[in-house]
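Student: Sharing model25.cif below, mmCIF, C-alpha atoms:
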data_coords
loop_
_atom_site.group_PDB
_atom_site.id
_atom_site.type_symbol
_atom_site.label_atom_id
_atom_site.label_comp_id
_atom_site.auth_asym_id
_atom_site.auth_seq_id
_atom_site.Cartn_x
_atom_site.Cartn_y
_atom_site.Cartn_z
ATOM 1 C CA MET M 30 -76.899 78.235 -17.836
ATOM 2 C CA ARG M 31 -80.014 79.410 -19.663
ATOM 3 C CA LEU M 32 -79.759 82.861 -21.261
ATOM 4 C CA VAL M 33 -82.664 83.734 -23.569
ATOM 5 C CA PRO M 34 -82.036 86.538 -26.098
ATOM 6 C CA ASN M 35 -84.911 88.527 -27.623
ATOM 7 C CA VAL M 36 -84.518 91.446 -30.008
ATOM 8 C CA SER M 37 -87.092 94.037 -28.992
ATOM 9 C CA GLY M 38 -87.101 97.163 -31.206
ATOM 10 C CA ASP M 39 -83.700 98.802 -30.864
ATOM 11 C CA ARG M 40 -82.759 96.658 -27.891
ATOM 12 C CA LEU M 41 -81.416 93.211 -27.285
ATOM 13 C CA VAL M 42 -83.100 91.823 -24.167
ATOM 14 C CA ILE M 43 -81.352 88.863 -22.583
ATOM 15 C CA GLU M 44 -83.376 87.037 -19.973
ATOM 16 C CA VAL M 45 -81.383 85.117 -17.372
ATOM 17 C CA ALA M 46 -83.534 82.013 -16.829
ATOM 18 C CA GLU M 47 -81.552 80.891 -13.781
ATOM 19 C CA ALA M 48 -82.118 81.218 -10.029
ATOM 20 C CA ARG M 49 -78.539 82.256 -9.267
ATOM 21 C CA ILE M 50 -75.578 84.087 -10.787
ATOM 22 C CA ASP M 51 -72.844 83.045 -8.353
ATOM 23 C CA ALA M 52 -69.243 81.874 -8.111
ATOM 24 C CA ALA M 53 -70.217 78.484 -9.576
ATOM 25 C CA VAL M 54 -71.416 79.985 -12.883
ATOM 26 C CA ALA M 55 -69.847 83.459 -13.110
ATOM 27 C CA ILE M 56 -67.225 82.485 -15.715
ATOM 28 C CA GLU M 57 -69.768 80.586 -17.809
ATOM 29 C CA PHE M 58 -72.169 83.545 -17.611
ATOM 30 C CA LYS M 59 -69.481 85.933 -18.837
ATOM 31 C CA GLU M 60 -68.451 83.639 -21.717
ATOM 32 C CA ARG M 61 -72.056 83.018 -22.846
ATOM 33 C CA MET M 62 -72.836 86.728 -22.663
ATOM 34 C CA ARG M 63 -69.722 87.532 -24.696
ATOM 35 C CA ASP M 64 -71.107 85.351 -27.524
ATOM 36 C CA LEU M 65 -74.654 86.727 -27.255
ATOM 37 C CA ILE M 66 -73.618 90.392 -27.440
ATOM 38 C CA LYS M 67 -71.252 90.048 -30.413
ATOM 39 C CA ASP M 68 -73.611 91.746 -32.888
ATOM 40 C CA ALA M 69 -75.804 93.462 -30.320
ATOM 41 C CA PRO M 70 -77.455 96.839 -30.957
ATOM 42 C CA GLU M 71 -76.616 99.924 -28.900
ATOM 43 C CA ARG M 72 -78.744 98.906 -25.935
ATOM 44 C CA VAL M 73 -78.564 95.552 -24.206
ATOM 45 C CA VAL M 74 -80.990 94.859 -21.353
ATOM 46 C CA LEU M 75 -80.283 92.071 -18.878
ATOM 47 C CA GLU M 76 -83.614 90.830 -17.514
ATOM 48 C CA LEU M 77 -83.054 89.442 -14.010
ATOM 49 C CA SER M 78 -86.522 88.811 -12.586
ATOM 50 C CA LYS M 79 -85.894 85.037 -12.312
ATOM 51 C CA VAL M 80 -82.569 85.574 -10.515
ATOM 52 C CA GLY M 81 -83.080 85.437 -6.755
ATOM 53 C CA PHE M 82 -79.401 85.563 -5.809
ATOM 54 C CA LEU M 83 -76.219 87.183 -7.102
ATOM 55 C CA ASP M 84 -72.892 87.263 -5.244
ATOM 56 C CA SER M 85 -69.756 89.356 -5.807
ATOM 57 C CA SER M 86 -68.529 86.912 -8.483
ATOM 58 C CA GLY M 87 -71.835 87.350 -10.320
ATOM 59 C CA LEU M 88 -71.599 91.114 -9.881
ATOM 60 C CA GLY M 89 -68.064 91.052 -11.285
ATOM 61 C CA ALA M 90 -69.300 89.098 -14.317
ATOM 62 C CA VAL M 91 -72.084 91.633 -14.976
ATOM 63 C CA VAL M 92 -69.519 94.463 -14.702
ATOM 64 C CA ALA M 93 -67.260 92.578 -17.130
ATOM 65 C CA VAL M 94 -70.104 92.355 -19.673
ATOM 66 C CA MET M 95 -70.745 96.078 -19.311
ATOM 67 C CA LYS M 96 -67.065 96.753 -20.012
ATOM 68 C CA LEU M 97 -67.183 94.502 -23.095
ATOM 69 C CA LEU M 98 -70.035 96.638 -24.490
ATOM 70 C CA ALA M 99 -68.548 100.040 -23.629
ATOM 71 C CA PRO M 100 -68.044 102.683 -24.848
ATOM 72 C CA GLU M 101 -70.333 102.457 -27.897
ATOM 73 C CA ARG M 102 -73.007 100.282 -26.338
ATOM 74 C CA ARG M 103 -74.401 99.973 -22.864
ATOM 75 C CA LEU M 104 -75.783 97.338 -20.551
ATOM 76 C CA GLU M 105 -79.024 98.081 -18.697
ATOM 77 C CA LEU M 106 -80.618 95.963 -15.994
ATOM 78 C CA ALA M 107 -84.270 95.113 -15.396
ATOM 79 C CA GLY M 108 -86.381 93.191 -12.903
ATOM 80 C CA LEU M 109 -83.996 93.110 -9.929
ATOM 81 C CA THR M 110 -85.256 90.887 -7.099
ATOM 82 C CA PRO M 111 -84.671 92.154 -3.511
ATOM 83 C CA THR M 112 -81.395 90.375 -2.694
ATOM 84 C CA VAL M 113 -79.919 91.170 -6.124
ATOM 85 C CA GLU M 114 -80.992 94.796 -5.732
ATOM 86 C CA LYS M 115 -79.277 94.891 -2.330
ATOM 87 C CA VAL M 116 -75.918 93.816 -3.831
ATOM 88 C CA PHE M 117 -76.154 96.497 -6.546
ATOM 89 C CA ARG M 118 -77.213 99.165 -4.031
ATOM 90 C CA LEU M 119 -74.567 98.401 -1.371
ATOM 91 C CA THR M 120 -71.746 98.396 -3.935
ATOM 92 C CA ARG M 121 -73.182 101.615 -5.439
ATOM 93 C CA MET M 122 -73.489 99.928 -8.821
ATOM 94 C CA ASP M 123 -77.008 101.331 -8.941
ATOM 95 C CA SER M 124 -75.346 104.636 -9.891
ATOM 96 C CA VAL M 125 -73.359 102.985 -12.706
ATOM 97 C CA PHE M 126 -76.074 100.905 -14.379
ATOM 98 C CA VAL M 127 -79.406 102.081 -15.766
ATOM 99 C CA ILE M 128 -81.841 99.946 -13.775
ATOM 100 C CA HIS M 129 -85.438 99.480 -14.943
ATOM 101 C CA PRO M 130 -88.090 98.245 -12.515
ATOM 102 C CA ALA M 131 -89.188 95.574 -14.998
ATOM 103 C CA ALA M 132 -88.938 94.765 -18.680
ATOM 104 C CA PRO M 133 -92.549 94.426 -19.893
ATOM 105 C CA ASP M 134 -91.328 93.905 -23.482
ATOM 106 C CA VAL M 135 -89.807 90.623 -22.386
ATOM 107 C CA GLN M 136 -93.140 89.355 -21.141
ATOM 108 C CA ARG M 137 -94.874 90.440 -24.361
ATOM 109 C CA ALA M 138 -92.211 88.781 -26.464
ATOM 110 C CA ALA M 139 -92.655 85.577 -24.498
ATOM 111 C CA LEU M 140 -96.415 85.370 -25.176
ATOM 112 C CA MET A 3 -88.583 96.633 6.825
ATOM 113 C CA CYS A 4 -88.316 93.680 9.109
ATOM 114 C CA SER A 5 -87.341 93.877 12.718
ATOM 115 C CA ALA A 6 -87.084 90.602 14.523
ATOM 116 C CA LEU A 7 -86.921 86.867 14.346
ATOM 117 C CA ARG A 8 -90.165 84.973 14.093
ATOM 118 C CA SER A 9 -91.243 83.391 17.334
ATOM 119 C CA ASP A 10 -91.490 79.853 15.995
ATOM 120 C CA PRO A 11 -89.896 77.738 18.769
ATOM 121 C CA ARG A 12 -88.109 75.586 16.169
ATOM 122 C CA ASP A 13 -86.069 78.660 15.311
ATOM 123 C CA ASP A 14 -84.283 78.335 18.658
ATOM 124 C CA ALA A 15 -82.269 75.530 17.147
ATOM 125 C CA GLY A 16 -78.699 76.263 16.142
ATOM 126 C CA LEU A 17 -77.120 74.540 13.175
ATOM 127 C CA ARG A 18 -73.680 73.013 12.716
ATOM 128 C CA VAL A 19 -72.692 71.571 9.351
ATOM 129 C CA THR A 20 -69.491 70.739 7.501
ATOM 130 C CA ILE A 21 -69.466 71.237 3.752
ATOM 131 C CA ALA A 22 -66.965 70.785 0.928
ATOM 132 C CA GLY A 23 -65.038 73.922 -0.031
ATOM 133 C CA ASN A 24 -65.889 74.178 -3.727
ATOM 134 C CA ALA A 25 -68.260 76.511 -5.586
ATOM 135 C CA HIS A 26 -70.861 73.864 -6.458
ATOM 136 C CA ALA A 27 -71.044 72.415 -2.950
ATOM 137 C CA ILE A 28 -71.280 75.954 -1.545
ATOM 138 C CA ARG A 29 -74.165 76.783 -3.903
ATOM 139 C CA GLN A 30 -76.060 73.675 -2.773
ATOM 140 C CA ALA A 31 -75.305 74.294 0.908
ATOM 141 C CA LEU A 32 -76.587 77.879 0.759
ATOM 142 C CA ALA A 33 -79.820 76.838 -0.957
ATOM 143 C CA ASP A 34 -80.303 74.286 1.827
ATOM 144 C CA LEU A 35 -79.242 76.492 4.783
ATOM 145 C CA VAL A 36 -81.749 79.247 4.015
ATOM 146 C CA THR A 37 -84.620 76.761 4.302
ATOM 147 C CA ARG A 38 -83.589 75.533 7.803
ATOM 148 C CA PRO A 39 -83.482 77.174 11.229
ATOM 149 C CA PRO A 40 -82.023 79.483 12.269
ATOM 150 C CA LEU A 41 -81.841 81.242 8.856
ATOM 151 C CA ALA A 42 -85.379 80.171 7.937
ATOM 152 C CA GLY A 43 -86.611 82.194 10.925
ATOM 153 C CA LEU A 44 -85.254 85.480 9.584
ATOM 154 C CA CYS A 45 -87.434 87.799 7.525
ATOM 155 C CA PRO A 46 -86.692 87.682 3.768
ATOM 156 C CA ALA A 47 -84.483 90.822 3.766
ATOM 157 C CA ASP A 48 -82.293 89.561 6.635
ATOM 158 C CA ARG A 49 -82.172 86.082 5.147
ATOM 159 C CA GLY A 50 -80.968 87.652 1.886
ATOM 160 C CA SER A 51 -78.221 89.516 3.766
ATOM 161 C CA ALA A 52 -77.175 86.326 5.552
ATOM 162 C CA GLU A 53 -77.036 84.438 2.249
ATOM 163 C CA ILE A 54 -74.871 87.155 0.669
ATOM 164 C CA VAL A 55 -72.447 87.151 3.626
ATOM 165 C CA LEU A 56 -72.177 83.366 3.798
ATOM 166 C CA ALA A 57 -71.705 83.093 0.017
ATOM 167 C CA GLU A 58 -68.857 85.624 0.109
ATOM 168 C CA ILE A 59 -67.092 84.035 3.084
ATOM 169 C CA LEU A 60 -67.478 80.447 1.869
ATOM 170 C CA ASN A 61 -66.364 81.219 -1.689
ATOM 171 C CA ASN A 62 -63.442 83.227 -0.354
ATOM 172 C CA ILE A 63 -62.320 80.157 1.613
ATOM 173 C CA ALA A 64 -62.703 77.907 -1.461
ATOM 174 C CA GLU A 65 -60.787 80.318 -3.726
ATOM 175 C CA HIS A 66 -58.084 81.574 -1.362
ATOM 176 C CA ALA A 67 -57.702 79.477 1.816
ATOM 177 C CA TYR A 68 -58.033 76.214 -0.158
ATOM 178 C CA ALA A 69 -56.856 77.794 -3.453
ATOM 179 C CA GLY A 70 -59.282 75.712 -5.518
ATOM 180 C CA ARG A 71 -57.984 72.397 -4.088
ATOM 181 C CA GLY A 72 -61.003 71.876 -1.830
ATOM 182 C CA GLY A 73 -61.252 71.029 1.862
ATOM 183 C CA PRO A 74 -63.825 71.015 4.640
ATOM 184 C CA ILE A 75 -65.572 74.151 5.879
ATOM 185 C CA GLU A 76 -67.386 74.112 9.234
ATOM 186 C CA ILE A 77 -70.408 76.370 9.593
ATOM 187 C CA CYS A 78 -72.019 77.055 12.948
ATOM 188 C CA LEU A 79 -75.116 79.272 13.138
ATOM 189 C CA SER A 80 -76.714 80.128 16.484
ATOM 190 C CA PRO A 81 -79.852 82.204 16.902
ATOM 191 C CA GLU A 82 -79.608 85.125 19.310
ATOM 192 C CA LYS A 83 -82.047 87.748 20.463
ATOM 193 C CA ALA A 84 -81.498 90.090 17.524
ATOM 194 C CA GLY A 85 -80.009 87.954 14.787
ATOM 195 C CA ILE A 86 -77.633 85.079 14.156
ATOM 196 C CA ALA A 87 -74.164 84.439 15.602
ATOM 197 C CA CYS A 88 -71.948 82.723 13.029
ATOM 198 C CA THR A 89 -68.630 80.887 13.163
ATOM 199 C CA ILE A 90 -66.966 79.663 9.974
ATOM 200 C CA ALA A 91 -63.781 77.560 10.168
ATOM 201 C CA ASP A 92 -61.417 76.003 7.653
ATOM 202 C CA SER A 93 -57.980 74.350 7.550
ATOM 203 C CA GLY A 94 -56.621 76.222 4.536
ATOM 204 C CA ILE A 95 -53.897 78.843 4.375
ATOM 205 C CA GLY A 96 -54.257 81.944 6.539
ATOM 206 C CA MET A 97 -55.243 85.478 5.638
ATOM 207 C CA PRO A 98 -52.336 87.496 4.185
ATOM 208 C CA GLY A 99 -50.595 89.217 7.097
ATOM 209 C CA GLY A 100 -52.964 87.499 9.510
ATOM 210 C CA GLN A 101 -55.480 90.282 8.885
ATOM 211 C CA LEU A 102 -58.873 90.517 7.215
ATOM 212 C CA PRO A 103 -58.932 92.587 4.006
ATOM 213 C CA HIS A 104 -60.242 96.126 4.431
ATOM 214 C CA GLY A 105 -62.757 95.696 1.643
ATOM 215 C CA ASP A 106 -62.790 99.343 0.627
ATOM 216 C CA LEU A 107 -64.990 100.370 -2.260
ATOM 217 C CA ASN A 108 -63.154 102.322 -4.945
ATOM 218 C CA HIS A 109 -65.712 104.649 -6.399
ATOM 219 C CA VAL A 110 -65.159 105.382 -10.084
ATOM 220 C CA SER A 111 -67.400 107.043 -12.633
ATOM 221 C CA GLU A 112 -65.768 105.680 -15.804
ATOM 222 C CA VAL A 113 -67.088 102.286 -16.912
ATOM 223 C CA SER A 114 -63.642 101.289 -18.200
ATOM 224 C CA ALA A 115 -62.166 101.843 -14.721
ATOM 225 C CA LEU A 116 -64.727 99.680 -12.915
ATOM 226 C CA SER A 117 -63.270 96.716 -11.080
ATOM 227 C CA GLU A 118 -64.579 93.250 -11.904
ATOM 228 C CA GLY A 119 -63.740 91.984 -8.434
ATOM 229 C CA GLY A 120 -62.966 92.964 -4.879
ATOM 230 C CA TYR A 121 -66.552 93.548 -3.762
ATOM 231 C CA GLY A 122 -66.752 90.509 -1.497
ATOM 232 C CA TRP A 123 -65.159 91.883 1.663
ATOM 233 C CA PHE A 124 -66.979 95.171 1.239
ATOM 234 C CA LEU A 125 -70.287 93.262 1.247
ATOM 235 C CA ILE A 126 -69.222 91.133 4.235
ATOM 236 C CA ARG A 127 -68.225 94.202 6.260
ATOM 237 C CA SER A 128 -71.408 96.044 5.239
ATOM 238 C CA LEU A 129 -73.731 93.256 6.358
ATOM 239 C CA THR A 130 -72.083 91.929 9.537
ATOM 240 C CA ALA A 131 -71.276 93.119 13.052
ATOM 241 C CA ASP A 132 -68.449 92.088 15.417
ATOM 242 C CA LEU A 133 -66.344 90.526 12.660
ATOM 243 C CA HIS A 134 -63.292 88.756 14.116
ATOM 244 C CA TYR A 135 -60.657 86.538 12.539
ATOM 245 C CA HIS A 136 -58.076 84.404 14.202
ATOM 246 C CA ARG A 137 -55.801 81.564 13.181
ATOM 247 C CA ARG A 138 -54.733 78.883 15.609
ATOM 248 C CA ARG A 139 -53.152 75.484 14.999
ATOM 249 C CA ASN A 140 -53.469 75.741 11.197
ATOM 250 C CA ARG A 141 -57.136 76.542 11.473
ATOM 251 C CA ASN A 142 -58.832 79.769 10.359
ATOM 252 C CA GLU A 143 -61.844 80.890 12.320
ATOM 253 C CA LEU A 144 -64.129 83.771 11.425
ATOM 254 C CA ARG A 145 -66.782 84.967 13.889
ATOM 255 C CA PHE A 146 -69.481 87.538 13.181
ATOM 256 C CA ARG A 147 -73.095 88.402 13.710
ATOM 257 C CA ILE A 148 -75.927 89.009 11.290
ATOM 258 C CA VAL A 149 -78.080 91.631 12.992
ATOM 259 C CA ALA A 150 -81.797 91.449 12.206
ATOM 260 C CA GLY A 151 -83.482 94.545 10.827
ATOM 261 C CA GLN A 152 -80.294 96.306 9.680
#
Would you mind writing the file's structure down as structure tokens?

Tutor:
Amino acid sequence: MRLVPNVSGDRLVIEVAEARIDAAVAIEFKERMRDLIKDAPERVVLELSKVGFLDSSGLGAVVAVMKLLAPERRLELAGLTPTVEKVFRLTRMDSVFVIHPAAPDVQRAAL
Amino acid sequence: MCSALRSDPRDDAGLRVTIAGNAHAIRQALADLVTRPPLAGLCPADRGSAEIVLAEILNNIAEHAYAGRGGPIEICLSPEKAGIACTIADSGIGMPGGQLPHGDLNHVSEVSALSEGGYGWFLIRSLTADLHYHRRRNRNELRFRIVAGQ
């Protein structure tokens, strides 16, 4: 599973360079994220524009990461593709997470 | 918003496949199924809904009916006028109490109280119609419809 961290100002942006966060990788995702956020600043942004699919196991893993960061730090989401957005909207997680339309800083950092 | 199936005549074809009940085989099967009729004939939003529903049902079978030990899962997808009729069957253990889970969403505002699981049946119930479960001769069968344009 490819997770690409980039410190951008006061934020840690972690790009998920995978097509899917599903039952096959949910545990690995959670474990890798746990390592990446150890010394993270107050804001952590998960950049999901390469992720075309997320199931309830993937959603549970993202929730788990948010709970690892709370209460001092928070997890924000960026670049949700349509099917991923649908899972967050139906489960009303869109009212729990701060969701950005895109993370332009990630693209700049990648140049 | 999308409303209907494309009129490509190849989309009239139903599909019947048997896959292995483990998370990696399910991931591969889903990636394949969405590229073939009848799912390929749905608009992207409906195809996304179908992929979510199938992922939840198939992984539920792998995790609970087969309890991680694996086993065959039969998938039958038939195009209908306004969507896809689906039948999913397995030979694992039955649903607790012979009933499908309610899949209620517990709404909480505190991050610490958020559940890390239990969203699967809520998603299935949100994205399907005419959901029926029955068990006969040690075989579980789940029937439902994915309605286009919902």

Student: I'd like to see the residues matched by the PyMOL selection byres ((chain M and resi 84) around 8) on this file, and ideally I'd get them as a PyMOL selection string.

Tutor: (chain M and resi 50-52+82-83+85-88+116) or (chain A and resi 54+57-58+122)

Student: What lies within 6 Å of stretch 65-76 of chain M using all atoms listed in the file, ignoring chain neighbours under 6 positions off, as JSON, numbers by chain?

Tutor: {"M": [40, 41, 42, 43, 44, 102, 103, 104, 105, 106, 107, 108]}

Student: With C-alpha atoms kept, could you save the residues just selected as a compact mmCIF listing (two decimals), in the frame of the given file?

Tutor:
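The resulting file, out.txt, is shown below:
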# COMPACT_ATOMS: atom_id res chain seq x y z
CA ARG M 40 -82.76 96.66 -27.89
CA LEU M 41 -81.42 93.21 -27.28
CA VAL M 42 -83.10 91.82 -24.17
CA ILE M 43 -81.35 88.86 -22.58
CA GLU M 44 -83.38 87.04 -19.97
CA ARG M 102 -73.01 100.28 -26.34
CA ARG M 103 -74.40 99.97 -22.86
CA LEU M 104 -75.78 97.34 -20.55
CA GLU M 105 -79.02 98.08 -18.70
CA LEU M 106 -80.62 95.96 -15.99
CA ALA M 107 -84.27 95.11 -15.40
CA GLY M 108 -86.38 93.19 -12.90

Student: With all atoms listed in the file counted and 9 Å as the cut-off, give the residues of chain M in contact with chain A, each with its shortest interatomic distance in Å and the pair that gives it, as a tab-separated table.

Tutor:
residue	atom	partner	partner_atom	distance
M:Arg49	CA	A:Arg29	CA	8.8
M:Asp51	CA	A:Arg29	CA	7.8
M:Ala52	CA	A:Ala25	CA	6.0
M:Ala53	CA	A:Ala25	CA	4.9
M:Val54	CA	A:Ala25	CA	8.7
M:Phe82	CA	A:Ile54	CA	8.1
M:Leu83	CA	A:Ile54	CA	7.9
M:Asp84	CA	A:Ile54	CA	6.2
M:Ser85	CA	A:Gly122	CA	5.4
M:Ser86	CA	A:Gly119	CA	7.0
M:Leu88	CA	A:Glu118	CA	7.6
M:Gly89	CA	A:Glu118	CA	4.2
M:Ala90	CA	A:Glu118	CA	6.7
M:Val91	CA	A:Glu118	CA	8.3
M:Val92	CA	A:Glu118	CA	5.8
M:Ala93	CA	A:Glu118	CA	5.9
M:Met95	CA	A:Val113	CA	7.6
M:Lys96	CA	A:Ser114	CA	6.0
M:Ala99	CA	A:Val113	CA	7.2
M:Pro100	CA	A:Val113	CA	8.0
M:Pro111	CA	A:Ala47	CA	7.4
M:Thr112	CA	A:Gly50	CA	5.3
M:Val113	CA	A:Gly50	CA	8.8
M:Lys115	CA	A:Ser51	CA	8.2
M:Val116	CA	A:Leu125	CA	7.6
M:Leu119	CA	A:Leu125	CA	7.2
M:Thr120	CA	A:Tyr121	CA	7.1
M:Arg121	CA	A:His109	CA	8.1
M:Ser124	CA	A:Ser111	CA	8.7
M:Val125	CA	A:Ser111	CA	7.2

Student: Atom CA of A:Thr130 to atom CA of A:Ile95: how many Å, to one decimal?

Tutor: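 Here the two named atoms are 23.0 Å from each other.
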
Student: Residues around (-84.7, 85.8, -11.2), cut-off 8 Å, counting all atoms listed in the file - what are they as an NGL selection string?

Tutor: :M and (45-49 or 77-82 or 108-110)

Student: With the PyMOL selection byres ((chain A and resi 131) around 6) as the selection, what would be picked from this file? Answer as a ChimeraX atom specification, please.

Tutor: /A:130,132-133,146-147

Student: May I ask which of the residues A:Gly43, A:Gly94, A:Gly85, A:Pro103 is the closest one to A:Arg71, counting all atoms listed in the file?

Tutor: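 Ranking A:Gly43, A:Gly94, A:Gly85, A:Pro103 by distance to A:Arg71, first place goes to A:Gly94.
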
Student: Can you tell me how far atom CA of A:Leu60 sits from atom CA of A:Lys83, in Å to one decimal?

Tutor: 24.7 Å

Student: Between atom CA of M:His129 and atom CA of M:Phe58, what is the distance, to one decimal in Å?

Tutor: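 Those two atoms sit 20.9 Å apart.
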
Student: With only C-alpha atoms as the basis for distance, which of A:His134, A:Arg18, A:Arg145, A:His66 is at the shortest distance from A:Leu102?

Tutor: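 Of A:His134, A:Arg18, A:Arg145, A:His66, the one nearest A:Leu102, counting only C-alpha atoms, is A:His134.
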
Student: Check the smallest atom-to-atom distance from each of A:Ile126, A:Arg137, A:Leu144, A:Pro98 to A:Ile77 using all atoms listed in the file, then report the winner.

Tutor: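 Using all atoms listed in the file, the shortest distance to A:Ile77 belongs to A:Leu144.
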
Student: Go through M:Val127, M:Val36, M:Val94, M:Met122 and flag the residue nearest M:Glu57, using only C-alpha atoms for the distances.

Tutor: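 The closest residue to M:Glu57 is M:Val94.
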
Student: I need the residue nearest M:Leu97 from this list: M:Ala131, M:Arg31, M:Gly38, M:Lys59. Use only C-alpha atoms for the distance.

Tutor: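 The closest residue to M:Leu97 is M:Lys59.
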
Student: Could you tell me which residues the PyMOL selection byres ((chain A and resi 141) around 10) returns for this structure, as a list in words?

Tutor: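 With the shown file as input, the PyMOL selection byres ((chain A and resi 141) around 10) matches Ala91, Asp92, Ser93, Gly94, Ile95, Gly96, His136, Arg137, Arg138, Arg139, Asn140, Asn142 and Glu143 of chain A.
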
Student: With all atoms listed in the file as the atoms that count, which of A:Ala42, A:Leu35, A:Ala52, A:Ile75 lies nearest to A:Ile21?

Tutor: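 For A:Ile21, the nearest of the candidates is A:Ile75.
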